[in-house]
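One structure is given here, and the rest of the page talks about it.
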Amino acid sequence: MGNLFQSAPKVEQLLSEVNYDGIIKYIQDGKCTNIITMAGAGISTSAGIPDFRTPGTGLYDNLAKYDLPNPQAIFEIHFFRKNPAPFYALAKELYPGVFKPTPCHYFLRLLHEKKLLLRHYTQNIDTLERVAGIPEEMIVEAHGTFATAHCIDCRKQFSQEWVKDKVFADEIPKCTDKKCGGLVKPDIVFFGENLPFRFLSCSMKDFPKCDLLIILGTSLAVQPFASLIDRVPDTTPRLYINLEKSESDASNLLSKLMGGGGGFDFESDSKYRDVFWQGTCDDGCVSLSERLGWKAELDKLTLEEHAKIDKEIGQ
């Protein structure tokens, strides 16, 4: 019987250097045309939308006013059925249309326009990718979206505008079918609900094709989204832009020793594809745009799109 902990065969290194410069050169040399981006709340915090877990400012730390049994209850389907008011009160604060996309969102749009983006996977429910002009078919909203809504009982569909009007009038949206009268909920995924079928179908198809994975502003604490980082081919470089490293880079040692996934490897002598860039998502994407020669395009796109939004809302 062979040694259980024998080292895995060496995997081909595609980066000229396993660092940020190596990632830049890899993109500049045209080595990647099927980039997948994965994003969490960190790409939207500069728009004014709080993330979930930052102590003191995160969403979970600021839910005391709703008198919940626990912070996550506001996103639990069983609690929602019994008491939907806290969710709708929070929804009024977070509803799309109040916030503008960030430079990070517009960098993602540039990736698409340059035909480098295979797909963008987001944990966010704020729809800012859509507002930024990334086509719907290029986005997988893993945790759902405010863009559509359904009755949780009869599944009748309602528009975002209809639900938003009810929420901003401080009314609980209820199904208009006289035989039903169930609660109408935006199609965001609550704890206790299945992820959208599109997440499953697209991830199975997309990740084997990925030739560069860029992860932005997520702690990679929520499954199954976090596991996507190990779905790309073993040779695919991975760039992680975040304020701090995820715990996943130190997880699942046994899996690593047996040649499996097991998260990132930023530090070991055998690292060959994982690069960590520490900072905000906006700073990371601005840095990428500068190094790739896209900074003027990014600035112009951000200014023009923000001006359009200001005009639409009458500012």
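Ordering of the structure tokens sets the chain letters (A, B, ...), residue numbers begin anew at 1 in every chain, and ligands are numbered from 1 in the order given.
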
Could you build a table of the residues in segment 131-228 of chain A lying no more than 12 Å from segment 31-36 of chain A, giving for each the nearest pair of atoms and their separation in Å rounded to one decimal place, using only C-alpha atoms, ordered by chain and ascending residue number, as JSON lines?
```
{"residue": "A:Met138", "atom": "CA", "partner": "A:Ile36", "partner_atom": "CA", "distance": 10.0}
{"residue": "A:Ile139", "atom": "CA", "partner": "A:Ile36", "partner_atom": "CA", "distance": 10.2}
{"residue": "A:Val140", "atom": "CA", "partner": "A:Ile36", "partner_atom": "CA", "distance": 10.7}
{"residue": "A:Cys202", "atom": "CA", "partner": "A:Ile36", "partner_atom": "CA", "distance": 11.4}
{"residue": "A:Ser203", "atom": "CA", "partner": "A:Ile36", "partner_atom": "CA", "distance": 10.1}
{"residue": "A:Lys205", "atom": "CA", "partner": "A:Ile36", "partner_atom": "CA", "distance": 11.9}
{"residue": "A:Asp206", "atom": "CA", "partner": "A:Ile36", "partner_atom": "CA", "distance": 8.1}
{"residue": "A:Phe207", "atom": "CA", "partner": "A:Ile36", "partner_atom": "CA", "distance": 7.7}
{"residue": "A:Pro208", "atom": "CA", "partner": "A:Asn34", "partner_atom": "CA", "distance": 10.1}
{"residue": "A:Lys209", "atom": "CA", "partner": "A:Asn34", "partner_atom": "CA", "distance": 6.7}
{"residue": "A:Cys210", "atom": "CA", "partner": "A:Asn34", "partner_atom": "CA", "distance": 5.2}
{"residue": "A:Asp211", "atom": "CA", "partner": "A:Cys32", "partner_atom": "CA", "distance": 5.4}
{"residue": "A:Leu212", "atom": "CA", "partner": "A:Ile35", "partner_atom": "CA", "distance": 4.8}
{"residue": "A:Leu213", "atom": "CA", "partner": "A:Ile36", "partner_atom": "CA", "distance": 5.0}
{"residue": "A:Ile214", "atom": "CA", "partner": "A:Ile36", "partner_atom": "CA", "distance": 6.4}
{"residue": "A:Ile215", "atom": "CA", "partner": "A:Ile36", "partner_atom": "CA", "distance": 8.5}
{"residue": "A:Leu216", "atom": "CA", "partner": "A:Ile36", "partner_atom": "CA", "distance": 11.0}
{"residue": "A:Leu228", "atom": "CA", "partner": "A:Ile36", "partner_atom": "CA", "distance": 10.5}
```

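Backbone DSSP assigns strand (DSSP E or B) in segment 16-133 of chain A to Ile35, Ile36, Thr37, Met38, Ala39, Glu76, Leu117, Leu118, Arg119, His120, Tyr121 and Thr122 of chain A.
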
Same residues, N, CA and C atoms, output as a short mmCIF file (atom, residue, chain, number, x, y, z; two decimals), in the first residue's frame:
```
data_model
loop_
_atom_site.label_atom_id
_atom_site.label_comp_id
_atom_site.auth_asym_id
_atom_site.auth_seq_id
_atom_site.Cartn_x
_atom_site.Cartn_y
_atom_site.Cartn_z
N ILE A 35 -12.37 34.29 -18.40
CA ILE A 35 -12.23 34.68 -17.01
C ILE A 35 -13.57 34.53 -16.28
N ILE A 36 -13.54 33.91 -15.13
CA ILE A 36 -14.70 33.90 -14.25
C ILE A 36 -14.40 34.79 -13.05
N THR A 37 -15.36 35.63 -12.70
CA THR A 37 -15.23 36.46 -11.50
C THR A 37 -16.25 35.99 -10.48
N MET A 38 -15.83 35.98 -9.22
CA MET A 38 -16.71 35.62 -8.10
C MET A 38 -16.70 36.78 -7.11
N ALA A 39 -17.86 37.24 -6.71
CA ALA A 39 -17.91 38.44 -5.88
C ALA A 39 -18.81 38.27 -4.67
N GLU A 76 -34.40 33.84 7.18
CA GLU A 76 -34.85 32.45 7.30
C GLU A 76 -36.30 32.35 6.86
N LEU A 117 -14.61 37.98 -20.30
CA LEU A 117 -15.43 37.46 -19.20
C LEU A 117 -16.29 36.29 -19.68
N LEU A 118 -16.08 35.13 -19.04
CA LEU A 118 -16.94 33.99 -19.32
C LEU A 118 -18.24 34.12 -18.54
N ARG A 119 -18.15 34.44 -17.25
CA ARG A 119 -19.35 34.64 -16.43
C ARG A 119 -18.95 35.32 -15.12
N HIS A 120 -19.89 36.07 -14.58
CA HIS A 120 -19.71 36.69 -13.27
C HIS A 120 -20.67 36.03 -12.29
N TYR A 121 -20.10 35.49 -11.21
CA TYR A 121 -20.89 34.86 -10.15
C TYR A 121 -20.90 35.78 -8.93
N THR A 122 -22.09 36.09 -8.44
CA THR A 122 -22.17 37.01 -7.32
C THR A 122 -23.02 36.45 -6.20
#
```

Given only C-alpha atoms as the counted atoms, nearest of A:Glu137, A:Glu161, A:Asp282, A:Asp21 to Pro186 of chain A: A:Glu161

Those in segment 66-247 of chain A with alpha helix (DSSP H) from DSSP, as a PyMOL selection string: chain A and resi 77-82+85-94+103-113+128-131+160-168+197-206

Atomic separation - atom CA of Tyr20 of chain A relative to atom CA of Leu292 of chain A, Å: 12.0 Å

Interatomic distance, atom CA of Lys271 of chain A to atom CA of Trp294 of chain A (Å, one decimal): 29.0 Å

Long-range neighbours of Tyr240 of chain A as a ChimeraX atom specification, 12 Å cut-off, only C-alpha atoms, 2 positions minimum in chain: /A:19-20,23,37-40,212-220,229,237-238,242-246,248-249,263-266,273-281,284-285

Shell of 8 Å around Arg109 of chain A, only C-alpha atoms, local chain residues under 6 positions omitted, as a PyMOL selection string: chain A and resi 132-134

Residues within 9 Å of Ile125 of chain A, only C-alpha atoms, excluding chain neighbours under 2 positions, as a PyMOL selection string: chain A and resi 96+122-123+127-128+141-147+188-189

Residue selection dump (N, CA and C atoms) as a PDB file, in the first residue's frame:
```pdb
ATOM      1  N   PRO A  96     -32.628  48.004  -4.457  1.00  0.00           N
ATOM      2  CA  PRO A  96     -31.950  48.546  -5.642  1.00  0.00           C
ATOM      3  C   PRO A  96     -32.615  49.824  -6.125  1.00  0.00           C
ATOM      4  N   THR A 122     -22.086  36.090  -8.443  1.00  0.00           N
ATOM      5  CA  THR A 122     -22.169  37.015  -7.319  1.00  0.00           C
ATOM      6  C   THR A 122     -23.023  36.450  -6.203  1.00  0.00           C
ATOM      7  N   GLN A 123     -22.603  36.709  -4.967  1.00  0.00           N
ATOM      8  CA  GLN A 123     -23.412  36.395  -3.795  1.00  0.00           C
ATOM      9  C   GLN A 123     -24.379  37.536  -3.487  1.00  0.00           C
ATOM     10  N   THR A 127     -28.269  43.776  -7.226  1.00  0.00           N
ATOM     11  CA  THR A 127     -28.440  43.951  -8.685  1.00  0.00           C
ATOM     12  C   THR A 127     -27.514  45.007  -9.290  1.00  0.00           C
ATOM     13  N   LEU A 128     -26.457  45.416  -8.594  1.00  0.00           N
ATOM     14  CA  LEU A 128     -25.597  46.483  -9.121  1.00  0.00           C
ATOM     15  C   LEU A 128     -24.822  46.046 -10.362  1.00  0.00           C
ATOM     16  N   GLU A 141     -26.572  35.037 -10.267  1.00  0.00           N
ATOM     17  CA  GLU A 141     -26.864  35.579  -8.937  1.00  0.00           C
ATOM     18  C   GLU A 141     -27.118  34.396  -8.009  1.00  0.00           C
ATOM     19  N   ALA A 142     -26.047  33.914  -7.394  1.00  0.00           N
ATOM     20  CA  ALA A 142     -26.096  32.660  -6.649  1.00  0.00           C
ATOM     21  C   ALA A 142     -27.098  32.681  -5.513  1.00  0.00           C
ATOM     22  N   HIS A 143     -27.277  33.838  -4.910  1.00  0.00           N
ATOM     23  CA  HIS A 143     -28.194  33.953  -3.784  1.00  0.00           C
ATOM     24  C   HIS A 143     -29.470  34.693  -4.162  1.00  0.00           C
ATOM     25  N   GLY A 144     -29.756  34.708  -5.480  1.00  0.00           N
ATOM     26  CA  GLY A 144     -30.989  35.304  -5.948  1.00  0.00           C
ATOM     27  C   GLY A 144     -30.869  36.799  -6.183  1.00  0.00           C
ATOM     28  N   THR A 145     -32.029  37.432  -6.371  1.00  0.00           N
ATOM     29  CA  THR A 145     -32.030  38.826  -6.787  1.00  0.00           C
ATOM     30  C   THR A 145     -33.342  39.517  -6.408  1.00  0.00           C
ATOM     31  N   PHE A 146     -33.255  40.834  -6.269  1.00  0.00           N
ATOM     32  CA  PHE A 146     -34.452  41.650  -6.086  1.00  0.00           C
ATOM     33  C   PHE A 146     -35.174  41.889  -7.429  1.00  0.00           C
ATOM     34  N   ALA A 147     -34.574  41.485  -8.542  1.00  0.00           N
ATOM     35  CA  ALA A 147     -35.098  41.859  -9.857  1.00  0.00           C
ATOM     36  C   ALA A 147     -36.446  41.216 -10.160  1.00  0.00           C
ATOM     37  N   ILE A 188     -34.755  36.402  -3.652  1.00  0.00           N
ATOM     38  CA  ILE A 188     -33.460  36.219  -3.018  1.00  0.00           C
ATOM     39  C   ILE A 188     -33.540  34.939  -2.183  1.00  0.00           C
ATOM     40  N   VAL A 189     -32.424  34.234  -2.107  1.00  0.00           N
ATOM     41  CA  VAL A 189     -32.415  32.927  -1.466  1.00  0.00           C
ATOM     42  C   VAL A 189     -32.295  33.089   0.045  1.00  0.00           C
TER      43      VAL A 189
END
```

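The residue that comes closest to Gln72 of chain A, out of A:Pro196, A:Pro101, A:Pro224, A:Phe87 and on the basis of only C-alpha atoms, is A:Phe87.
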
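Distances from A:Gly182, A:Pro135, A:Pro173, A:Gly192 to Arg155 of chain A were compared using only C-alpha atoms, and the smallest one belongs to A:Gly182.
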